[in-house]
>>> print(open('query_33.tsv').read())   # TSV, C-alpha atoms and all ligand atoms
chain	number	residue	atom	x	y	z
L	1	MET	CA	71.61	178.57	68.38
L	2	GLU	CA	75.15	179.38	67.37
L	3	TYR	CA	76.86	177.46	64.53
L	4	ARG	CA	80.55	176.97	63.82
L	5	THR	CA	82.35	175.60	60.77
L	6	LEU	CA	84.06	172.23	61.15
L	7	GLY	CA	87.61	172.64	59.81
L	8	ASN	CA	87.64	172.85	56.02
L	9	THR	CA	84.44	170.81	55.58
L	10	GLY	CA	82.17	173.83	55.15
L	11	LEU	CA	79.67	172.13	57.48
L	12	GLN	CA	78.08	174.45	60.02
L	13	LEU	CA	77.57	172.50	63.23
L	14	SER	CA	75.40	173.67	66.10
L	15	VAL	CA	77.69	174.42	69.05
L	16	ILE	CA	75.62	172.00	71.13
L	17	GLY	CA	75.67	168.56	69.51
L	18	PHE	CA	73.35	165.68	70.39
L	19	GLY	CA	75.38	162.73	71.68
L	20	ALA	CA	73.34	159.58	71.12
L	21	ALA	CA	75.36	157.16	73.28
L	22	PRO	CA	72.62	157.28	75.97
L	23	LEU	CA	70.08	156.14	73.33
L	24	GLY	CA	71.77	152.75	73.47
L	25	GLY	CA	71.22	152.55	77.24
L	26	ALA	CA	74.88	153.25	78.07
L	27	TYR	CA	73.99	155.31	81.14
L	28	GLU	CA	70.57	154.07	82.20
L	29	THR	CA	67.49	152.39	80.78
L	30	ILE	CA	65.69	154.94	78.67
L	31	ASP	CA	62.16	155.44	77.42
L	32	PRO	CA	62.36	155.19	73.59
L	33	THR	CA	59.31	157.45	73.06
L	34	GLU	CA	60.78	160.10	75.32
L	35	ALA	CA	64.14	159.73	73.55
L	36	ALA	CA	62.49	160.25	70.15
L	37	GLY	CA	60.77	163.35	71.58
L	38	SER	CA	64.12	164.66	72.78
L	39	ILE	CA	65.54	164.32	69.26
L	40	ARG	CA	62.63	166.25	67.74
L	41	ALA	CA	62.86	168.92	70.47
L	42	ALA	CA	66.59	169.29	69.80
L	43	ILE	CA	65.99	169.82	66.08
L	44	ASP	CA	63.18	172.31	66.80
L	45	HIS	CA	65.66	174.34	68.87
L	46	GLY	CA	68.34	174.40	66.20
L	47	ILE	CA	70.54	171.45	67.21
L	48	ASN	CA	71.63	170.02	63.87
L	49	PHE	CA	74.50	167.71	64.81
L	50	PHE	CA	73.82	164.10	65.89
L	51	ASP	CA	76.49	161.55	66.79
L	52	THR	CA	76.03	157.79	67.13
L	53	SER	CA	77.94	154.51	66.66
L	54	PRO	CA	77.19	150.83	66.09
L	55	TYR	CA	78.92	150.32	69.46
L	56	TYR	CA	76.32	152.26	71.45
L	57	GLY	CA	73.89	149.66	72.78
L	58	THR	CA	75.28	147.23	70.17
L	59	THR	CA	73.46	149.04	67.33
L	60	LEU	CA	70.40	150.12	69.39
L	61	SER	CA	71.43	153.80	69.35
L	62	GLU	CA	71.72	153.84	65.55
L	63	THR	CA	68.38	152.06	65.15
L	64	ARG	CA	66.56	154.43	67.53
L	65	LEU	CA	68.18	157.50	65.97
L	66	GLY	CA	67.30	156.28	62.46
L	67	GLU	CA	63.67	155.80	63.48
L	68	ALA	CA	63.43	159.19	65.17
L	69	LEU	CA	65.04	160.99	62.21
L	70	SER	CA	62.60	159.52	59.74
L	71	GLY	CA	61.46	162.48	57.60
L	72	LEU	CA	63.99	164.77	59.31
L	73	ARG	CA	67.23	163.45	57.83
L	74	GLU	CA	67.89	166.49	55.64
L	75	LYS	CA	67.72	168.80	58.67
L	76	VAL	CA	70.70	167.22	60.42
L	77	ILE	CA	74.41	166.59	60.15
L	78	LEU	CA	74.65	162.91	60.92
L	79	CYS	CA	77.74	161.17	62.25
L	80	THR	CA	78.37	157.49	62.87
L	81	LYS	CA	81.43	155.37	63.47
L	82	CYS	CA	83.14	152.10	62.61
L	83	GLY	CA	85.76	149.73	63.99
L	84	ARG	CA	84.33	149.37	67.50
L	85	TYR	CA	81.43	146.95	68.00
L	86	GLY	CA	81.54	146.01	71.70
L	87	LEU	CA	83.47	146.57	74.92
L	88	ASP	CA	86.28	144.33	73.64
L	89	SER	CA	85.24	143.96	70.02
L	90	PHE	CA	87.30	145.89	67.46
L	91	ASP	CA	87.95	145.42	63.76
L	92	PHE	CA	89.60	148.20	61.78
L	93	SER	CA	90.18	146.11	58.64
L	94	ALA	CA	89.14	147.58	55.28
L	95	ALA	CA	86.73	144.68	54.72
L	96	ARG	CA	84.90	145.24	58.04
L	97	ILE	CA	84.78	149.04	57.65
L	98	THR	CA	83.34	148.65	54.15
L	99	ARG	CA	80.54	146.36	55.43
L	100	SER	CA	80.07	148.51	58.51
L	101	ILE	CA	79.01	151.65	56.65
L	102	ASP	CA	76.31	149.76	54.74
L	103	GLU	CA	74.97	148.22	57.96
L	104	SER	CA	74.91	151.66	59.63
L	105	LEU	CA	73.17	153.29	56.67
L	106	THR	CA	70.43	150.65	56.81
L	107	ARG	CA	69.87	151.21	60.53
L	108	LEU	CA	69.99	154.98	60.11
L	109	ARG	CA	67.56	154.79	57.16
L	110	THR	CA	69.66	156.99	54.91
L	111	ASN	CA	71.93	156.64	51.88
L	112	HIS	CA	74.80	158.65	53.37
L	113	VAL	CA	76.13	160.06	56.60
L	114	ASP	CA	77.89	163.41	56.81
L	115	LEU	CA	80.69	162.35	59.13
L	116	PHE	CA	82.22	158.88	59.48
L	117	ILE	CA	84.63	158.11	62.32
L	118	ALA	CA	87.08	155.31	63.07
L	119	HIS	CA	85.93	154.72	66.66
L	120	ASP	CA	88.44	154.58	69.56
L	121	ILE	CA	91.51	154.00	67.43
L	122	GLU	CA	93.79	153.46	70.44
L	123	PHE	CA	92.37	149.92	70.58
L	124	GLY	CA	93.62	149.21	67.06
L	125	ASP	CA	97.05	149.06	65.47
L	126	LEU	CA	97.79	152.67	64.52
L	127	GLU	CA	99.72	151.55	61.42
L	128	GLN	CA	96.64	149.65	60.24
L	129	VAL	CA	94.39	152.62	61.02
L	130	ILE	CA	96.59	154.96	58.98
L	131	ASN	CA	97.48	152.62	56.10
L	132	GLU	CA	94.30	150.55	55.77
L	133	THR	CA	91.32	151.98	57.69
L	134	ILE	CA	91.60	155.61	56.61
L	135	PRO	CA	92.16	154.75	52.91
L	136	ALA	CA	89.09	152.45	53.08
L	137	MET	CA	87.10	155.32	54.59
L	138	ARG	CA	88.26	157.60	51.73
L	139	ARG	CA	86.94	155.04	49.23
L	140	ILE	CA	83.62	155.06	51.13
L	141	GLN	CA	83.66	158.85	50.82
L	142	GLU	CA	84.34	158.59	47.08
L	143	ALA	CA	81.35	156.24	46.81
L	144	GLY	CA	79.19	159.02	48.30
L	145	LYS	CA	78.33	157.16	51.51
L	146	THR	CA	79.93	159.78	53.74
L	147	ARG	CA	80.88	163.40	53.15
L	148	PHE	CA	83.87	163.56	55.51
L	149	ILE	CA	86.00	161.25	57.64
L	150	GLY	CA	87.72	161.42	61.02
L	151	VAL	CA	88.88	159.45	64.05
L	152	SER	CA	88.02	159.38	67.73
L	153	GLY	CA	89.62	158.10	70.89
L	154	LEU	CA	90.80	159.00	74.39
L	155	PRO	CA	94.64	159.30	74.40
L	156	LEU	CA	95.55	162.64	72.90
L	157	ASP	CA	98.98	161.54	71.66
L	158	VAL	CA	97.35	158.81	69.54
L	159	LEU	CA	94.86	161.28	68.09
L	160	ALA	CA	97.63	163.81	67.45
L	161	GLU	CA	99.68	161.21	65.55
L	162	ALA	CA	96.63	160.18	63.50
L	163	VAL	CA	95.94	163.83	62.64
L	164	THR	CA	99.56	164.44	61.66
L	165	ARG	CA	99.94	161.32	59.52
L	166	GLY	CA	96.40	160.42	58.47
L	167	HIS	CA	95.08	163.30	56.29
L	168	LEU	CA	91.81	163.58	58.18
L	169	ASP	CA	88.95	166.04	57.85
L	170	PHE	CA	88.29	166.18	61.59
L	171	VAL	CA	88.96	164.56	64.95
L	172	LEU	CA	86.67	163.82	67.91
L	173	SER	CA	88.17	163.96	71.39
L	174	TYR	CA	86.32	163.22	74.63
L	175	CYS	CA	86.96	163.81	78.33
L	176	HIS	CA	89.91	166.08	77.58
L	177	TYR	CA	88.26	169.49	77.66
L	178	ASN	CA	85.73	170.31	80.34
L	179	LEU	CA	85.69	171.68	83.91
L	180	MET	CA	87.76	168.69	85.09
L	181	ILE	CA	90.47	168.67	82.44
L	182	GLN	CA	91.86	170.87	79.65
L	183	ASP	CA	94.91	169.13	78.18
L	184	LEU	CA	93.18	168.93	74.77
L	185	ASP	CA	94.20	172.52	74.28
L	186	ARG	CA	97.88	171.77	74.92
L	187	VAL	CA	98.29	168.43	73.16
L	188	LEU	CA	95.77	168.10	70.31
L	189	ARG	CA	94.64	171.57	69.33
L	190	PRO	CA	98.11	172.72	68.15
L	191	VAL	CA	98.25	169.92	65.56
L	192	THR	CA	94.73	170.42	64.26
L	193	SER	CA	95.39	174.08	63.28
L	194	ASN	CA	92.30	175.36	61.48
L	195	ALA	CA	92.31	172.81	58.69
L	196	VAL	CA	91.36	169.70	60.66
L	197	GLY	CA	88.05	170.18	62.42
L	198	LEU	CA	87.78	169.56	66.16
L	199	ILE	CA	84.76	168.09	67.95
L	200	ASN	CA	84.77	168.03	71.75
L	201	ALA	CA	82.69	165.39	73.53
L	202	SER	CA	81.63	164.61	77.10
L	203	PRO	CA	81.33	168.10	78.65
L	204	LEU	CA	79.95	166.47	81.81
L	205	HIS	CA	82.96	164.12	81.97
L	206	MET	CA	80.67	161.20	81.06
L	207	GLY	CA	78.01	161.97	83.63
L	208	MET	CA	80.37	162.92	86.47
L	209	LEU	CA	79.28	166.55	86.52
L	210	THR	CA	75.63	165.78	87.24
L	211	ALA	CA	73.59	165.49	90.43
L	212	SER	CA	73.35	161.70	89.98
L	213	GLY	CA	77.12	161.34	89.51
L	214	PRO	CA	79.09	159.00	87.26
L	215	PRO	CA	77.79	155.60	86.09
L	216	ALA	CA	79.26	152.56	87.88
L	217	TRP	CA	81.48	151.71	84.89
L	218	HIS	CA	83.15	155.14	84.78
L	219	PRO	CA	86.91	154.48	84.40
L	220	ALA	CA	88.22	157.68	86.05
L	221	PRO	CA	90.41	157.35	89.17
L	222	GLN	CA	88.58	157.80	92.49
L	223	ASP	CA	90.26	161.12	93.31
L	224	VAL	CA	88.89	162.61	90.06
L	225	LYS	CA	85.39	161.34	90.94
L	226	ASP	CA	85.74	162.80	94.44
L	227	ALA	CA	86.80	166.19	93.07
L	228	ALA	CA	83.85	166.17	90.63
L	229	ALA	CA	81.46	165.36	93.50
L	230	ARG	CA	82.81	168.40	95.37
L	231	VAL	CA	82.26	170.56	92.28
L	232	VAL	CA	78.66	169.31	92.02
L	233	LYS	CA	78.09	170.04	95.71
L	234	LEU	CA	79.58	173.54	95.47
L	235	CYS	CA	77.31	174.39	92.55
L	236	GLN	CA	74.29	173.07	94.47
L	237	LEU	CA	75.20	175.32	97.42
L	238	ARG	CA	75.44	178.31	95.08
L	239	GLY	CA	72.13	177.50	93.39
L	240	VAL	CA	73.81	176.94	90.01
L	241	ASP	CA	73.02	173.98	87.76
L	242	VAL	CA	76.36	172.22	87.33
L	243	THR	CA	75.39	170.75	83.95
L	244	THR	CA	74.61	174.20	82.54
L	245	LEU	CA	77.83	175.65	83.89
L	246	GLY	CA	79.84	172.64	82.69
L	247	LEU	CA	78.40	172.81	79.19
L	248	ARG	CA	78.85	176.61	78.98
L	249	TYR	CA	82.50	176.18	79.92
L	250	CYS	CA	82.94	173.95	76.86
L	251	LEU	CA	80.96	176.26	74.56
L	252	ASP	CA	83.37	179.04	75.52
L	253	TYR	CA	86.23	177.01	73.99
L	254	PRO	CA	86.41	178.57	70.52
L	255	TYR	CA	88.49	175.87	68.81
L	256	ALA	CA	85.81	173.15	68.98
L	257	ALA	CA	83.14	173.42	66.28
L	258	SER	CA	80.67	171.58	68.50
L	259	THR	CA	80.41	170.08	71.99
L	260	LEU	CA	78.64	166.72	72.06
L	261	VAL	CA	76.54	166.17	75.18
L	262	GLY	CA	74.78	162.86	75.78
L	263	MET	CA	71.01	163.24	75.95
L	264	SER	CA	67.91	161.04	75.91
L	265	ALA	CA	65.12	163.12	77.48
L	266	ARG	CA	63.37	166.38	76.56
L	267	ALA	CA	64.11	167.89	79.98
L	268	GLN	CA	67.83	167.38	79.38
L	269	VAL	CA	67.64	169.04	75.97
L	270	GLU	CA	65.81	172.01	77.49
L	271	GLN	CA	68.26	172.26	80.39
L	272	ASN	CA	71.27	172.06	78.08
L	273	LEU	CA	69.89	174.77	75.79
L	274	LYS	CA	70.04	177.12	78.81
L	275	ALA	CA	73.83	177.00	78.48
L	276	LEU	CA	73.54	179.18	75.36
L	277	ASP	CA	72.61	182.26	77.42
L	278	PHE	CA	74.41	181.34	80.62
L	279	LYS	CA	77.26	183.49	81.95
L	280	ILE	CA	79.84	181.87	84.22
L	281	ASP	CA	80.53	183.69	87.47
L	282	PRO	CA	84.35	184.08	87.48
L	283	GLU	CA	84.53	183.73	91.28
L	284	LEU	CA	82.65	180.44	91.22
L	285	LEU	CA	84.88	179.23	88.38
L	286	ALA	CA	87.98	180.11	90.42
L	287	GLU	CA	86.61	178.06	93.34
L	288	ILE	CA	85.93	175.11	91.03
L	289	GLN	CA	89.44	175.34	89.59
L	290	LYS	CA	90.86	175.25	93.12
L	291	ILE	CA	88.95	171.99	93.81
L	292	VAL	CA	90.11	170.45	90.54
L	293	ALA	CA	93.77	171.60	90.76
L	294	PRO	CA	95.07	168.50	92.64
L	295	VAL	CA	93.74	166.21	89.85
L	296	GLU	CA	94.45	168.63	87.00
L	297	ASP	CA	94.62	166.96	83.59
L	298	LYS	CA	94.37	163.48	85.15
L	299	SER	CA	92.93	160.96	82.69
L	300	TRP	CA	92.97	157.14	82.66
L	301	PRO	CA	94.53	154.45	80.46
L	302	SER	CA	92.63	153.42	77.34
L	303	GLY	CA	93.55	151.10	74.50
L	304	VAL	CA	96.31	148.65	73.77
L	305	GLN	CA	99.27	150.92	74.51
L	306	ARG	CA	98.93	151.33	78.23
L	307	ALA	CA	101.71	153.87	78.76
L	308	ARG	CA	99.44	156.53	77.36
L	309	GLY	CA	96.44	158.27	78.81
L	401	LIG	P1	78.47	163.48	78.77
L	401	LIG	O1	79.59	164.14	79.47
L	401	LIG	O2	77.77	164.24	77.72
L	401	LIG	O3	77.46	162.96	79.89
L	401	LIG	C1	76.30	162.25	79.54
L	401	LIG	C2	75.50	161.96	80.78
L	401	LIG	O4	75.02	163.19	81.31
L	401	LIG	C3	74.26	161.10	80.51
L	401	LIG	O5	74.01	160.30	81.63
L	401	LIG	C4	73.17	162.13	80.35
L	401	LIG	O6	71.92	161.58	80.65
L	401	LIG	C5	73.59	163.15	81.39
L	401	LIG	N1	73.07	164.50	81.13
L	401	LIG	C6	73.14	165.22	79.97
L	401	LIG	N2	72.56	166.41	80.12
L	401	LIG	C7	72.09	166.46	81.39
L	401	LIG	C8	71.37	167.42	82.15
L	401	LIG	N3	71.05	168.61	81.63
L	401	LIG	N4	71.06	167.13	83.43
L	401	LIG	C9	71.40	165.94	83.98
L	401	LIG	N5	72.07	164.98	83.32
L	401	LIG	C10	72.41	165.23	82.04
L	401	LIG	O7	79.06	162.11	78.18
L	401	LIG	P2	78.79	161.25	76.85
L	401	LIG	O8	77.35	161.02	76.59
L	401	LIG	O9	79.65	160.06	76.97
L	401	LIG	O10	79.42	162.15	75.71
L	401	LIG	C11	78.64	162.88	74.80
L	401	LIG	C12	78.58	162.22	73.45
L	401	LIG	O11	79.86	162.32	72.80
L	401	LIG	C13	78.25	160.73	73.44
L	401	LIG	O12	76.87	160.52	73.59
L	401	LIG	C14	78.83	160.32	72.12
L	401	LIG	O13	77.91	160.70	71.09
L	401	LIG	C15	80.09	161.18	72.01
L	401	LIG	N6	81.29	160.47	72.52
L	401	LIG	C16	82.09	159.84	71.63
L	401	LIG	C17	83.20	159.13	72.08
L	401	LIG	C18	84.09	158.43	71.09
L	401	LIG	O14	83.92	158.60	69.89
L	401	LIG	N7	85.05	157.65	71.53
L	401	LIG	C19	83.48	159.04	73.45
L	401	LIG	C20	82.65	159.72	74.33
L	401	LIG	C21	81.55	160.45	73.86
>>> encode(input="query_33.tsv", output="structure tokens", more="lines below")
Ligand code: NAD
Amino acid sequence: MEYRTLGNTGLQLSVIGFGAAPLGGAYETIDPTEAAGSIRAAIDHGINFFDTSPYYGTTLSETRLGEALSGLREKVILCTKCGRYGLDSFDFSAARITRSIDESLTRLRTNHVDLFIAHDIEFGDLEQVINETIPAMRRIQEAGKTRFIGVSGLPLDVLAEAVTRGHLDFVLSYCHYNLMIQDLDRVLRPVTSNAVGLINASPLHMGMLTASGPPAWHPAPQDVKDAAARVVKLCQLRGVDVTTLGLRYCLDYPYAASTLVGMSARAQVEQNLKALDFKIDPELLAEIQKIVAPVEDKSWPSGVQRARG
């Protein structure tokens, strides 16, 4: 396993991070025993970074992760979030954030997390996030309940503004750097410099770059889904596993300390570990880029300020 430092935190994250959204059943019904096995297998293979949220499966992901990490807590860098509690349920107030961390710590069976994130801040009022939420998270840090704080969300301009004004330790971006899209590098990376750590999530574009395709709720426009399906097909024809290639593409991006991929089964962990030694064929990559070019950097609206995305 390769490890990279997250900004100025001094934390060494495994380049492949374990995204625990699927543990809440976000993608499909999962087998909890198998999921616990996948967590142990990941740790055995050097994956030390685990990301969850009270939002994933309305607390189920945190509960399952907490159970599976029992006795293993000190081996991992643990991240959870606050402010998002359901599809349309958000509360970024200081009072809610302060209760939220205690609830998460109970479910995760620990007295502190390493990273604490204001989750999907584009659904909140950015002034509140900067002037109320982040200061409340700093007080939580001072109380020893988290080591570092950050924000996450989809629209890069919102994240960039939060990074510029919010004095954050790190930022988590998703679906903005993978085979389908790379605008993270243009919009967000320049403002993070080296001081604010960068975590990249959703290397498979939330399940799109897999043989089974995106989940029904996937918000991407149809032409993006169609292009991804053509990429999957091309890789199948060439005998290349699209998930391995897609993850490797993200690992090759040197500015992200870790790439979070959603997993819930041992076979997925084993498959994703193959990305560590995988070399991308430049000719195949050029063909993929040709397929993706018509939908290049196309995202979708998210949050309360619809002009973004
Ligand atoms: P992803 O791109 O990692 O895709 C996950 C999907 O791919 C799941 O269905 C998973 O079962 C499947 N998959 C993974 N490896 C596979 C393999 N080898 N073969 C076949 N299928 C495979 O999307 P994601 O899970 O949404 O993102 C990764 C993680 O990043 C999340 O779990 C979460 O922890 C984090 N994240 C955070 C935010 C946020 O903070 N707003 C948003 C998105 C993701």
>>> residues_near_ligand(input="query_33.tsv", ligand="ligand LIG 401 (chain L)", cutoff="7 Å", atoms="only C-alpha atoms and all ligand atoms", output="VMD selection string")
chain L and resid 18 to 22 27 51 to 52 119 to 120 152 to 154 172 to 174 201 to 207 210 to 211 243 to 244 260 to 264 268 to 269 271 to 272
>>> closest_residue(input="query_33.tsv", among="L:Leu78, L:Ile101, L:Val242, L:Val113", to="Ile47 in chain L", atoms="only C-alpha atoms")
L:Leu78
>>> atom_distance(input="query_33.tsv", atom1="CA of Glu2 in chain L", atom2="CA of Ser258 in chain L")
9.6 Å
>>> closest_residue(input="query_33.tsv", among="L:Thr9, L:Leu69, L:Pro190, L:Glu127", to="Gly166 in chain L", atoms="only C-alpha atoms")
L:Glu127
>>> atom_distance(input="query_33.tsv", atom1="CA of Met208 in chain L", atom2="CA of Phe116 in chain L")
27.4 Å
>>> residues_around(input="query_33.tsv", residues="Arg139 in chain L", least_positions_apart="6", cutoff="12 Å", atoms="all atoms listed in the file", output="list in words")
Ala94, Ala95, Ile97, Thr98, Ile101, Phe116, Glu132, Thr133, Lys145, Thr146, Arg147, Phe148 and Ile149 of chain L
>>> write_last_selection(input="query_33.tsv", atoms="C-alpha atoms", output="PDB file, in the frame of the given file")
ATOM      1  CA  ALA L  94      89.140 147.580  55.280  1.00  0.00           C
ATOM      2  CA  ALA L  95      86.730 144.680  54.720  1.00  0.00           C
ATOM      3  CA  ILE L  97      84.780 149.040  57.650  1.00  0.00           C
ATOM      4  CA  THR L  98      83.340 148.650  54.150  1.00  0.00           C
ATOM      5  CA  ILE L 101      79.010 151.650  56.650  1.00  0.00           C
ATOM      6  CA  PHE L 116      82.220 158.880  59.480  1.00  0.00           C
ATOM      7  CA  GLU L 132      94.300 150.550  55.770  1.00  0.00           C
ATOM      8  CA  THR L 133      91.320 151.980  57.690  1.00  0.00           C
ATOM      9  CA  LYS L 145      78.330 157.160  51.510  1.00  0.00           C
ATOM     10  CA  THR L 146      79.930 159.780  53.740  1.00  0.00           C
ATOM     11  CA  ARG L 147      80.880 163.400  53.150  1.00  0.00           C
ATOM     12  CA  PHE L 148      83.870 163.560  55.510  1.00  0.00           C
ATOM     13  CA  ILE L 149      86.000 161.250  57.640  1.00  0.00           C
TER      14      ILE L 149
END
>>> closest_residue(input="query_33.tsv", among="L:Pro155, L:Pro221, L:Pro214, L:Gly197", to="Val295 in chain L", atoms="only C-alpha atoms")
L:Pro221
>>> closest_residue(input="query_33.tsv", among="L:Ala286, L:Ser212, L:His112, L:Ser38", to="Glu142 in chain L", atoms="only C-alpha atoms")
L:His112
>>> residues_around(input="query_33.tsv", residues="Ser70 in chain L", least_positions_apart="3", cutoff="10 Å", atoms="only C-alpha atoms", output="number ranges by chain")
L: 65-67, 73-74, 108-110
>>> closest_residue(input="query_33.tsv", among="L:Arg266, L:Lys81, L:Lys75, L:His176", to="Gly150 in chain L", atoms="all atoms listed in the file")
L:Lys81
>>> residues_around(input="query_33.tsv", residues="range 229-234 of chain L", least_positions_apart="2", cutoff="10 Å", atoms="all atoms listed in the file", output="ChimeraX atom specification")
/L:179-180,208-214,223-227,236-243,246,284-285,287-292
>>> residues_around(input="query_33.tsv", residues="Leu156 in chain L", least_positions_apart="4", cutoff="9 Å", atoms="only C-alpha atoms", output="list in words")
Ala160, Glu161, Ser173, His176, Asp183, Leu184, Val187, Leu188, Arg308 and Gly309 of chain L
>>> build_atoms(input="query_33.tsv", residues="range 261-281 of chain L", atoms="N, CA and C atoms", output="short mmCIF file (atom, residue, chain, number, x, y, z; two decimals), in the frame of the given file")
data_model
loop_
_atom_site.label_atom_id
_atom_site.label_comp_id
_atom_site.auth_asym_id
_atom_site.auth_seq_id
_atom_site.Cartn_x
_atom_site.Cartn_y
_atom_site.Cartn_z
N VAL L 261 77.02 166.55 73.85
CA VAL L 261 76.54 166.17 75.18
C VAL L 261 75.53 165.04 75.02
N GLY L 262 75.66 164.02 75.86
CA GLY L 262 74.78 162.86 75.78
C GLY L 262 73.40 163.18 76.32
N MET L 263 72.37 162.90 75.52
CA MET L 263 71.01 163.24 75.95
C MET L 263 70.04 162.13 75.53
N SER L 264 68.94 162.01 76.29
CA SER L 264 67.91 161.04 75.91
C SER L 264 66.53 161.45 76.40
N ALA L 265 66.42 162.66 76.96
CA ALA L 265 65.12 163.12 77.48
C ALA L 265 64.94 164.60 77.14
N ARG L 266 63.67 164.98 76.93
CA ARG L 266 63.37 166.38 76.56
C ARG L 266 63.86 167.36 77.63
N ALA L 267 63.70 166.98 78.90
CA ALA L 267 64.11 167.89 79.98
C ALA L 267 65.62 168.17 79.90
N GLN L 268 66.38 167.17 79.51
CA GLN L 268 67.83 167.38 79.38
C GLN L 268 68.14 168.33 78.22
N VAL L 269 67.43 168.15 77.12
CA VAL L 269 67.64 169.04 75.97
C VAL L 269 67.34 170.47 76.40
N GLU L 270 66.19 170.65 77.08
CA GLU L 270 65.81 172.01 77.49
C GLU L 270 66.83 172.60 78.46
N GLN L 271 67.26 171.78 79.42
CA GLN L 271 68.26 172.26 80.39
C GLN L 271 69.56 172.64 79.67
N ASN L 272 69.98 171.81 78.74
CA ASN L 272 71.27 172.06 78.08
C ASN L 272 71.21 173.29 77.17
N LEU L 273 70.03 173.57 76.63
CA LEU L 273 69.89 174.77 75.79
C LEU L 273 70.09 176.05 76.62
N LYS L 274 69.85 175.94 77.94
CA LYS L 274 70.04 177.12 78.81
C LYS L 274 71.50 177.56 78.83
N ALA L 275 72.39 176.65 78.49
CA ALA L 275 73.83 177.00 78.48
C ALA L 275 74.12 178.09 77.45
N LEU L 276 73.29 178.20 76.43
CA LEU L 276 73.54 179.18 75.36
C LEU L 276 73.55 180.61 75.90
N ASP L 277 72.70 180.89 76.88
CA ASP L 277 72.61 182.26 77.42
C ASP L 277 73.24 182.39 78.80
N PHE L 278 73.87 181.35 79.26
CA PHE L 278 74.41 181.34 80.62
C PHE L 278 75.76 182.06 80.68
N LYS L 279 75.95 182.82 81.75
CA LYS L 279 77.26 183.49 81.95
C LYS L 279 77.90 182.88 83.19
N ILE L 280 79.15 182.48 83.08
CA ILE L 280 79.84 181.87 84.22
C ILE L 280 80.35 182.96 85.17
N ASP L 281 80.03 182.77 86.45
CA ASP L 281 80.53 183.69 87.47
C ASP L 281 82.03 183.38 87.67
#
